[in-house]
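One structure is given here, and the rest of the page talks about it.
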Amino acid sequence: FLKQLASGLLLVTGPYAVNGVPLRRVNQAYVIATSTSVDVSGANVASIEDDFFAKQADAAASREEEFSAETHKVIVSDARRAAQAEVDASITKAVDAVPLLRDYLKAKFSLRTGQYPHAMRF
């Protein structure tokens, strides 16, 4: 994870260019610790806090427009795109420095019946 936010949630990213995971907040209960580590010290995440993820207000002017598809499209703000690009640039350098780490991060993780993450070694 990149850092722990004031709310207690963890700030994580894929990076987006590698596996499509954007900057997002994740509860600690949904994170699995592995022995693989990536140097994220170069990522500038000081400006990203919980208010960065606040929901944008809808642009619907009337009741009829409220249900139209155009007003409810998910629009990523320019600030979020810029922050994602800045964080991805430094993390991608660290990922590319380690052989096969990009492939490891691209691989889909899933568990089958009888597989327990606490009994596995990653």
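A note on labels: chains of the structure tokens are A, B, ... as shown, every chain counts residues from 1, and ligands are counted from 1 in their shown order.
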Inset, instruction - Within 8 Å of stretch 32-45 of chain A, counting only C-alpha atoms, which residues show up once you throw out same-chain ones fewer than 5 positions away? Write them as a PyMOL selection string, please. - result: chain A and resi 2-3+86-88+90-91+94-95+117+121-122
Inset, instruction - Please provide the set of residues having any atom within 12 Å of A:Gly20, restricted to only C-alpha atoms, with same-chain residues fewer than 4 positions apart removed, written as a ChimeraX atom specification. - result: /A:12-16,24,84,88,105-108
Write out as a PDB file with N, CA and C atoms, in the first residue's frame each polymer residue whose atoms come within 9 Å of A:Leu9, counting only C-alpha atoms; drop sequence neighbours fewer than 5 positions from it.
ATOM      1  N   LYS A   3      -0.001   4.436   1.463  1.00  0.00           N
ATOM      2  CA  LYS A   3      -0.017   5.051   2.787  1.00  0.00           C
ATOM      3  C   LYS A   3      -1.349   4.768   3.457  1.00  0.00           C
ATOM      4  N   GLN A   4      -1.374   4.985   4.781  1.00  0.00           N
ATOM      5  CA  GLN A   4      -2.615   4.838   5.523  1.00  0.00           C
ATOM      6  C   GLN A   4      -3.234   6.220   5.670  1.00  0.00           C
ATOM      7  N   ARG A  25      -9.167   3.676  -2.091  1.00  0.00           N
ATOM      8  CA  ARG A  25      -9.070   3.360  -0.668  1.00  0.00           C
ATOM      9  C   ARG A  25      -9.574   1.939  -0.449  1.00  0.00           C
ATOM     10  N   VAL A  26      -8.859   1.192   0.386  1.00  0.00           N
ATOM     11  CA  VAL A  26      -9.222  -0.200   0.646  1.00  0.00           C
ATOM     12  C   VAL A  26      -9.149  -0.442   2.149  1.00  0.00           C
ATOM     13  N   ASN A  27     -10.115  -1.180   2.656  1.00  0.00           N
ATOM     14  CA  ASN A  27     -10.087  -1.584   4.055  1.00  0.00           C
ATOM     15  C   ASN A  27      -8.946  -2.573   4.263  1.00  0.00           C
ATOM     16  N   GLN A  28      -8.302  -2.514   5.410  1.00  0.00           N
ATOM     17  CA  GLN A  28      -7.171  -3.386   5.706  1.00  0.00           C
ATOM     18  C   GLN A  28      -7.550  -4.861   5.681  1.00  0.00           C
ATOM     19  N   ASP A  50      -8.459  11.609   2.287  1.00  0.00           N
ATOM     20  CA  ASP A  50      -9.817  11.077   2.129  1.00  0.00           C
ATOM     21  C   ASP A  50     -10.719  11.993   1.307  1.00  0.00           C
TER      22      ASP A  50
END
Inset, instruction - Give me every strand (DSSP E or B) residue in chain A, going by DSSP on the backbone, as a PyMOL selection string. - result: chain A and resi 3-4+10-12+24-26
Print the selection's residues with C-alpha atoms to a file, as a JSON list (two decimals), in the first residue's frame.
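Generated output (out_30.json):
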[["chain", "number", "residue", "atom", "x", "y", "z"],
["A", 3, "LYS", "CA", -0.02, 5.05, 2.79],
["A", 4, "GLN", "CA", -2.62, 4.84, 5.52],
["A", 10, "LEU", "CA", -5.19, 2.12, 2.93],
["A", 11, "LEU", "CA", -4.32, 3.99, -0.26],
["A", 12, "VAL", "CA", -3.48, 1.49, -3.03],
["A", 24, "ARG", "CA", -8.40, 3.86, -4.35],
["A", 25, "ARG", "CA", -9.07, 3.36, -0.67],
["A", 26, "VAL", "CA", -9.22, -0.20, 0.65]]
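Atom pair atom CA of A:Val21 / atom CA of A:Arg112 has a distance of 22.6 Å (rounded to one decimal).
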Legend entry - In chain A, DSSP alpha helix (DSSP H) residues written as a PyMOL selection string: chain A and resi 16-19+63-66+78-97+101-106
Inset, instruction - Have a look at A:Tyr30, A:Val98, A:Leu111, A:Ser77 and name the one nearest to A:Phe1; count only C-alpha atoms. - result: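 Using only C-alpha atoms, A:Phe1 sits closest to A:Tyr30.
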Legend entry - Computed interatomic separation between atom CA of A:Leu101 and atom CA of A:Ala85 (Å): 19.5 Å
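Atom pair atom CA of A:Lys93 / atom CA of A:Asn19: separated by 14.8 Å.
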